[in-house]
Amino acid sequence: MSNLIELQKDFVIDVLQQVRTEHNIKFLVIDDEADRLLDSLFAERSELLNYVTAVDRIDSPKRKGQSSVAAIYLLRASKFNINCMDADFAHNNLKYKRAHIRFLSDFLPDAVNHFKSRRYITSNVADLKVVNCSFIPKENQYFETVGIDKPLQVFFNPSCRGLVDLNIHRTVQSLLNLCIITGEYPIIRYSEPTAEEYALNEATLLAKRIAMQFQQELDDYARDHEEFPPPNNRPRAIMLITDRTLDLFSPLLHEFTYQAMAYDVSKNINRLTDIYSYEVENETGVMEPKTSKLSDLVDPDWTSLKHLHIADASEYLTSKVNELIAKNPLLVDRANVKDTSDLLNVVAHLKDFDEERRLIALHRTLLDECFEVSKNNNLAEHADIEQILAGYGTDFDGEKCKHISDKLIENLADPKPSVTDKVRYIAEYALYRGGLIELDFVKLLSFIGVDKTNNWFNHFMQLFKNFNYLGFKLMKEKPKDKPFQKEWTHETIVNDSTIYQTSRFVPSAGNILSKVITNPLLLKEEQFPYVKDKPIELLDADVANSLKTKMATPSSLRNPRHKAAWAKSTNHPKGNRQRFFYYVIGGITFSEIRACCEQSRSFNKDVYVGSDSVLTPLQFMSNVEDLTKPRELLRLRDDAPVREEPPEFLLRNNLSAPAPTHVHTVQKPQNPQRNNVQQEPKDVTKKHGKFSRFLKRK
């Protein structure tokens, strides 16, 4: 399948090649947004030098330029960038001959007017276009919307309602850009909240609002561009737009696949840069610090390993070490190799295998860290209660588990798990029960050592209360109140000896995609309406009859242990495969990304998943707690002072520069989103046995 990194990279290269071929461009000037984009596309920045001579940041004092050569500007359409470009062409400080401007995303009216008012850039621009880069491909199958800061807050915190329209606009532009890059005109469906969920927070209608606006933008674009969508023999793509409220178990459960667990438990991964810091033994036997980026772009082993259960990932890595040793038998004394640690020591002393050694040492170290945390906190032992709670109260054999409450207390009594692990168990239990009264939460927290005198007590109580803002009443007002009703869309696998007991849970993303890929009619329309009328092909009787043979089974939802995820499939059909897009508003989890990728492998379809951020469990809990924090205390990027004036070093020689005597007409921005006529977003401006007795105690 074509991965998103390749698709977006090819597009950016085409943009550079086109200008270079026509105008012999040598310089590329970028801003921080373009910098992040290029980082996600090019393993080595030097690869860009095949297309330009130099790459400079627009705000770098080291940028010299060359007045006899034209430059490409690849950046946002911000007032700051426009002012910097204007300063580049002042008479006393001419940096380039001409400017070929490529704005990464929409060129809003305010920026258009500001651009027209500049003294110098308007007379030195050769051409100006808006390109489709308002999403960043973070992984081969995962993309992220550009520009949305703390999305759970801006979408679900009531104090941030003034920012919703702006960030809906950003989301829609991202989805539109995705369709333009992939050449798809998808059928759009969205998750519909129940009346109970909507009553708790109207933000649960986000998926509908975005789906409707996206459909309008997509239709407008197709109407204005006869070449879209380009002809192809793929079945029509399907896009599902959901939000974080749909699946509240996924951000809480302990996941035992490599990537998800590493980001959950490791303290040595920078969640912003994906840089892992660790120590490894070198050839001389000395431990030395190392850093490595966990990325599909630079680490093929990471791509192969990240969605495997950590036990399978460890087996895979051991087999790779053994393969390396087998190919170099004269370099290894096998008599001293007794376990995986010895193998790693052997690898450390192999010479002339620098890259292989680096990758093996990296993943062996990170995997060992995951195993150590799991062992120290008894995570695998306690995963059983999590899988039962998320599995609608059923155990591994598919039987209804009795005395779940007592089982929870036994887990909370274990001193090994951390306090936050135990809080996660409590929240999962409350979700399963349809809510608990406040006194129950107080007693459960006290039982794990967090009473009212503890500094963390109020934080955890606020966390539980704030689930209201995610469309679930986790804290009931009265003991006799009925459990909160929610039609969950996740699934659980039972009676299957090929899977790990810690991994029976199937996130909503995987279950929903399994149904819609197998047959869209399996997905209830009242839960997932179409933006437009149901496509006529889905009304055909043959499609309805196909339900008998295409019904999804649990086996379609899993990644069987006997067929590991890294094994290459040999039955993929040739030609173009249907594409499916799955987007989550308000943050996605690594378990959901993994579940979507598994559906791609299971059904031989191209599946791409996106969101505005990736949430680890601790990040999710912190974000939910902050849903009642006032906007001014959130320190959102949208509320930060807007920088407009260019750096002083660009202005030094421009103070006495005269205005140009002749101003050329600026080429009208060719904006695929039609933002030159689009209005600017509004102002961003249930008790049993021991458990029952426990709760009755004062």
# chains A, B, ... in the order shown; residues from 1 in each chain; ligands from 1
>>> residues_around(residues="segment 523-539 of chain A", least_positions_apart="4", cutoff="7 Å", atoms="only C-alpha atoms", output="tab-separated table (two decimals) with C-alpha atoms, in the first residue's frame")
chain	number	residue	atom	x	y	z
A	188	ILE	CA	-18.56	10.33	4.85
A	189	ARG	CA	-20.09	8.91	8.03
A	190	TYR	CA	-19.86	10.20	11.58
A	191	SER	CA	-20.57	9.07	15.14
A	192	GLU	CA	-23.88	10.35	16.53
A	211	ALA	CA	-18.51	15.94	8.96
A	212	MET	CA	-21.09	18.38	7.62
A	515	LYS	CA	-17.68	-3.87	10.26
A	516	VAL	CA	-17.54	-1.13	7.70
A	543	VAL	CA	-25.19	-6.27	-0.77
>>> select_by_dssp(residues="segment 221-256 of chain A", states="alpha helix (DSSP H)", output="list in words")
Tyr221, Ala222, Arg223 and Asp224 of chain A
>>> atom_distance(atom1="atom CA of Ala111 of chain A", atom2="atom CA of Ala34 of chain A")
17.9 Å
>>> select_by_dssp(residues="segment 270-305 of chain A", states="strand (DSSP E)", output="NGL selection string")
:A and (270 or 275-281 or 287-293)
>>> closest_residue(among="A:Ser611, A:Gln501, A:Ser295, A:Asn511", to="Ala595 of chain A", atoms="only C-alpha atoms")
A:Asn511
>>> closest_residue(among="A:Gly285, A:Gly393, A:Gly449, A:Pro630", to="Pro158 of chain A", atoms="only C-alpha atoms")
A:Pro630
>>> residues_around(residues="Met461 of chain A", least_positions_apart="4", cutoff="9 Å", atoms="only C-alpha atoms", output="short mmCIF file (atom, residue, chain, number, x, y, z; two decimals) with C-alpha atoms, in the first residue's frame")
data_model
loop_
_atom_site.label_atom_id
_atom_site.label_comp_id
_atom_site.auth_asym_id
_atom_site.auth_seq_id
_atom_site.Cartn_x
_atom_site.Cartn_y
_atom_site.Cartn_z
CA GLU A 438 -19.10 10.26 45.15
CA PHE A 441 -14.93 7.10 44.93
CA VAL A 442 -13.82 8.62 48.24
CA LEU A 445 -9.26 6.34 46.89
CA TRP A 456 -3.68 14.08 45.01
CA PHE A 457 -7.20 13.50 46.40
CA LYS A 465 -16.25 14.27 37.87
CA ASN A 466 -14.99 15.63 34.57
CA GLU A 625 -8.85 16.73 34.99
#
>>> closest_residue(among="A:Val164, A:Ile25, A:Leu634, A:Val298", to="Arg45 of chain A", atoms="only C-alpha atoms")
A:Val298
>>> residues_around(residues="Cys179 of chain A", least_positions_apart="3", cutoff="10 Å", atoms="only C-alpha atoms", output="PyMOL selection string")
chain A and resi 132+173-176+182-186+218+228-229+237+239+581
>>> residues_around(residues="segment 407-410 of chain A", least_positions_apart="5", cutoff="10 Å", atoms="only C-alpha atoms", output="list in words")
His382, Asp384, Ile385, Glu386, Leu389, Cys401, Lys402, Lys422, Tyr425, Ile426, Tyr429, Leu444, Phe447, Ile448, Lys690, Phe691 and Phe694 of chain A
>>> residues_around(residues="Arg236 of chain A", least_positions_apart="2", cutoff="7 Å", atoms="only C-alpha atoms", output="list in words")
Pro186, Arg234, Ile238 and Gln578 of chain A
>>> atom_distance(atom1="atom CA of Cys370 of chain A", atom2="atom CA of Met621 of chain A")
20.6 Å
